[in-house]
Amino acid sequence: MKIRSTTAEDYDVFVDTMFTAFARFPDTAAETWSALEMDRGLLAMTAEGRPVGTAAAYSFELTLPGEVVVPAAGVTAVGVLPSHRRQGVLSAMMRHQLAEFRERGEFLSVLLASEALIYRRFGYGPATYTRRLTVQRHQAAFAVPRAGGAAAGSIEVLRRAECGEILEEIYDRYRRARPGALSRPHRWWEAGAGQPPISRTPRHIAVHRDAEGVPDGYASYSLTEPSTLTVDETIAVDDEVSTALARFLLGHDLISEVVFKHCPPDHPLRWQLEDFRAGEVGGDTDWLWVRLLDIPRALTARGWSTDGEIVLDVDDAALGEHGRYLLTVRNGEADCVPAEREPDLSLDVSDLGSIYLGGTAPSTLVRAGHIRAHHPDAAALADTLFRTERAPHCLHWF
Ligand SMILES: CC(=O)SCCNC(=O)CCNC(=O)[C@H](O)C(C)(C)COP(=O)(O)OP(=O)(O)OC[C@H]1O[C@@H](n2cnc3c(N)ncnc32)[C@H](O)[C@@H]1OP(=O)(O)O
């Protein structure tokens, strides 16, 4: 088995191999994959020169707690032909890829897992979560807001094709301030890659503008059942704009329910409705998985809101590494150095990926038996340190 890098000339064979792994046909979703970075692709080849496996990476930026924006390698297009599975092809590609990320200076990698059993062994852990919220329109009266006012501004409904670069600009403002959010590089919008509203699939877009007329939020939606309005995503620069868009969607005539496909776990909408049960949560699932490749660099990059110190003993079986680190936070600045002293927590690098963005409490993983706490206060200490003001959220599909 040989792993080789791809170039633009490999696009057809790469997509064909990946689609065979997924039992699909390339012509069904060519646009979806049009933002692939072919200089970041890998092909696994048999000794006879037959391609049997694919993997690739996108050059994203990820927003960390503290609104710190860092590079992140987004693993994608992973597939092994059904005839060649469970023979170590993926494992070989993953080893190759992780080494390449380090060579490029990338200190963390992210992915969306098709199945939850695949990636933990390679050091990835689920780090952000998303859920669907279905609201029955006839129950959707808003409670009188107790705090804050309605966003001053206006809403205009456009077709996707009429939006120009408005969506790209709003998304970019939003993602820089939202921990867990990924960039959507210009090439995605240009190529109409991925899923709506980046793709050119017809959609209605409610664009919100502030009092000065500057676009600051949008919702992409379509009618999916005779009386169901499905919202692909609501992107807003703040909660007031998000609420204005929710009010607009829930006020749509001839609709019995509105399905908000991608809500963060701490979404306030249910609490804003008079009838708490008007909003039904479903499809609660993991979204972004995180893999740290340089632990001191990753821990000093993110923002911290509580001072303190903790010693973490981290096992990285996939890379055959083991390290003990003293993390010290003073005035929001972190320092992370190799440590000799007894650890507070022992954990796998995949669990560190899970707690890194603040979306998974360390104590949950202690209670689950993943993380070992070495004294009774260790879990609470870690919870306090890693906690973030808002749950990280990612809704970019790749
Ligand atoms: C980021 C993304 O692109 S997600 C998309 C992932 N791709 C898909 O889901 C497409 C369909 N599936 C496939 O193409 C393949 O089954 C893959 C890529 C998931 C796995 O490739 P393989 O070459 O079979 O994996 P490999 O042989 O290296 O397996 C390594 C280990 O993971 C385990 N493993 C691999 N896939 C799975 C799975 N889907 N479920 C459970 N365990 C798995 C293997 O059993 C093996 O375990 P072991 O070391 O204890 O023996």
# chains A, B, ... in the order shown; residues from 1 in each chain; ligands from 1

call {"tool": "select_by_dssp", "arguments": {"residues": "segment 156-351 of chain A", "states": "strand (DSSP E)", "output": "JSON, numbers by chain"}}
result
{"A": [156, 157, 158, 159, 204, 205, 206, 207, 208, 209, 215, 216, 217, 218, 219, 220, 221, 222, 223, 224, 225, 228, 229, 230, 231, 232, 233, 234, 235, 236, 257, 258, 259, 260, 261, 262, 263, 279, 280, 281, 282, 283, 284, 285, 286, 288, 289, 290, 291, 292, 308, 309, 310, 311, 312, 313, 314, 315, 316, 321, 322, 323, 324, 325, 326, 327, 328, 329, 330, 333, 334, 335, 336, 337, 338, 345, 346, 347, 348]}

call {"tool": "residues_near_ligand", "arguments": {"ligand": "ligand 1", "cutoff": "8 Å", "atoms": "only C-alpha atoms and all ligand atoms", "output": "MDAnalysis selection string"}}
result
chainID A and resid 18 21:22 53 55 75:82 84:92 111:119 121

call {"tool": "select_by_dssp", "arguments": {"residues": "segment 97-184 of chain A", "states": "alpha helix (DSSP H)", "output": "ChimeraX atom specification"}}
result
/A:97-103,166-177

call {"tool": "write_last_selection", "arguments": {"atoms": "C-alpha atoms", "output": "compact mmCIF listing (two decimals), in the first residue's frame"}}
result
# COMPACT_ATOMS: atom_id res chain seq x y z
CA GLN A 97 -2.10 13.07 7.20
CA LEU A 98 -1.36 13.87 10.85
CA ALA A 99 2.37 13.99 10.07
CA GLU A 100 1.68 16.33 7.15
CA PHE A 101 -0.41 18.66 9.32
CA ARG A 102 2.47 18.98 11.76
CA GLU A 103 4.93 19.63 8.94
CA ILE A 166 -24.00 39.59 1.43
CA LEU A 167 -24.15 36.09 2.97
CA GLU A 168 -20.40 35.63 2.84
CA GLU A 169 -19.83 38.96 4.60
CA ILE A 170 -22.39 38.29 7.35
CA TYR A 171 -21.10 34.77 7.91
CA ASP A 172 -17.54 36.06 8.23
CA ARG A 173 -18.52 38.61 10.91
CA TYR A 174 -20.48 35.95 12.76
CA ARG A 175 -17.87 33.18 12.73
CA ARG A 176 -15.04 35.35 14.04
CA ALA A 177 -17.01 35.93 17.25

call {"tool": "closest_atom_pairs", "arguments": {"of": "segment 212-301 of chain A", "to": "segment 384-394 of chain A", "cutoff": "10 Å", "atoms": "only C-alpha atoms", "output": "JSON lines"}}
result
{"residue": "A:His262", "atom": "CA", "partner": "A:Cys394", "partner_atom": "CA", "distance": 8.8}
{"residue": "A:Cys263", "atom": "CA", "partner": "A:His393", "partner_atom": "CA", "distance": 8.2}
{"residue": "A:Pro264", "atom": "CA", "partner": "A:His393", "partner_atom": "CA", "distance": 5.6}
{"residue": "A:Pro265", "atom": "CA", "partner": "A:Ala391", "partner_atom": "CA", "distance": 6.8}
{"residue": "A:Asp266", "atom": "CA", "partner": "A:Ala391", "partner_atom": "CA", "distance": 6.3}
{"residue": "A:His267", "atom": "CA", "partner": "A:Ala391", "partner_atom": "CA", "distance": 9.0}
{"residue": "A:Asp286", "atom": "CA", "partner": "A:Cys394", "partner_atom": "CA", "distance": 10.0}
{"residue": "A:Trp287", "atom": "CA", "partner": "A:Cys394", "partner_atom": "CA", "distance": 7.0}
{"residue": "A:Leu288", "atom": "CA", "partner": "A:Cys394", "partner_atom": "CA", "distance": 6.6}

call {"tool": "residues_around", "arguments": {"residues": "Tyr124 of chain A", "least_positions_apart": "3", "cutoff": "10 Å", "atoms": "only C-alpha atoms", "output": "VMD selection string"}}
result
chain A and resid 108 to 111 113 118 to 121 127 288 to 292 318 348 to 354

call {"tool": "closest_residue", "arguments": {"among": "A:Thr360, A:Glu321, A:Asp307, A:Ser59", "to": "Arg104 of chain A", "atoms": "only C-alpha atoms"}}
result
A:Ser59

call {"tool": "residues_around", "arguments": {"residues": "Tyr58 of chain A", "least_positions_apart": "6", "cutoff": "10 Å", "atoms": "only C-alpha atoms", "output": "short mmCIF file (atom, residue, chain, number, x, y, z; two decimals) with C-alpha atoms, in the first residue's frame"}}
result
data_model
loop_
_atom_site.label_atom_id
_atom_site.label_comp_id
_atom_site.auth_asym_id
_atom_site.auth_seq_id
_atom_site.Cartn_x
_atom_site.Cartn_y
_atom_site.Cartn_z
CA ALA A 35 -13.98 23.43 -3.13
CA LEU A 36 -11.68 20.44 -2.55
CA GLU A 37 -8.05 21.55 -2.19
CA MET A 38 -6.43 19.01 -4.45
CA ASP A 39 -2.92 19.85 -3.21
CA ARG A 40 -4.09 18.57 0.21
CA GLY A 41 -5.54 15.27 -1.01
CA ALA A 72 -7.35 24.35 11.46
CA ALA A 73 -6.95 21.44 9.05
CA GLY A 74 -10.44 20.18 8.18
CA VAL A 75 -10.30 16.49 7.34
CA THR A 76 -12.74 15.47 4.64
CA SER A 109 -7.33 19.38 13.10
CA VAL A 110 -11.11 19.05 12.89
CA LEU A 111 -13.61 16.83 11.13
CA PRO A 185 -13.23 30.39 2.47
CA PHE A 398 -17.61 19.85 4.96
#

call {"tool": "closest_residue", "arguments": {"among": "A:Val259, A:Val15, A:Leu245, A:Leu229", "to": "Gly279 of chain A", "atoms": "only C-alpha atoms"}}
result
A:Val259

call {"tool": "atom_distance", "arguments": {"atom1": "atom CA of Gly308 of chain A", "atom2": "atom CA of Leu182 of chain A"}}
result
28.6 Å

call {"tool": "residues_around", "arguments": {"residues": "segment 210-213 of chain A", "least_positions_apart": "6", "cutoff": "10 Å", "atoms": "only C-alpha atoms", "output": "list in words"}}
result
Ala151, Ala152, Gly153, Ser154, Ile155 and Val241 of chain A

call {"tool": "residues_around", "arguments": {"residues": "Ser220 of chain A", "least_positions_apart": "4", "cutoff": "10 Å", "atoms": "only C-alpha atoms", "output": "PyMOL selection string"}}
result
chain A and resi 157-160+167+196-198+202-207+230-235

call {"tool": "atom_distance", "arguments": {"atom1": "atom CA of Phe60 of chain A", "atom2": "atom CA of Val337 of chain A"}}
result
27.2 Å

call {"tool": "closest_residue", "arguments": {"among": "A:Ala29, A:Ala57, A:Ala181, A:Ala317", "to": "Leu357 of chain A", "atoms": "only C-alpha atoms"}}
result
A:Ala181
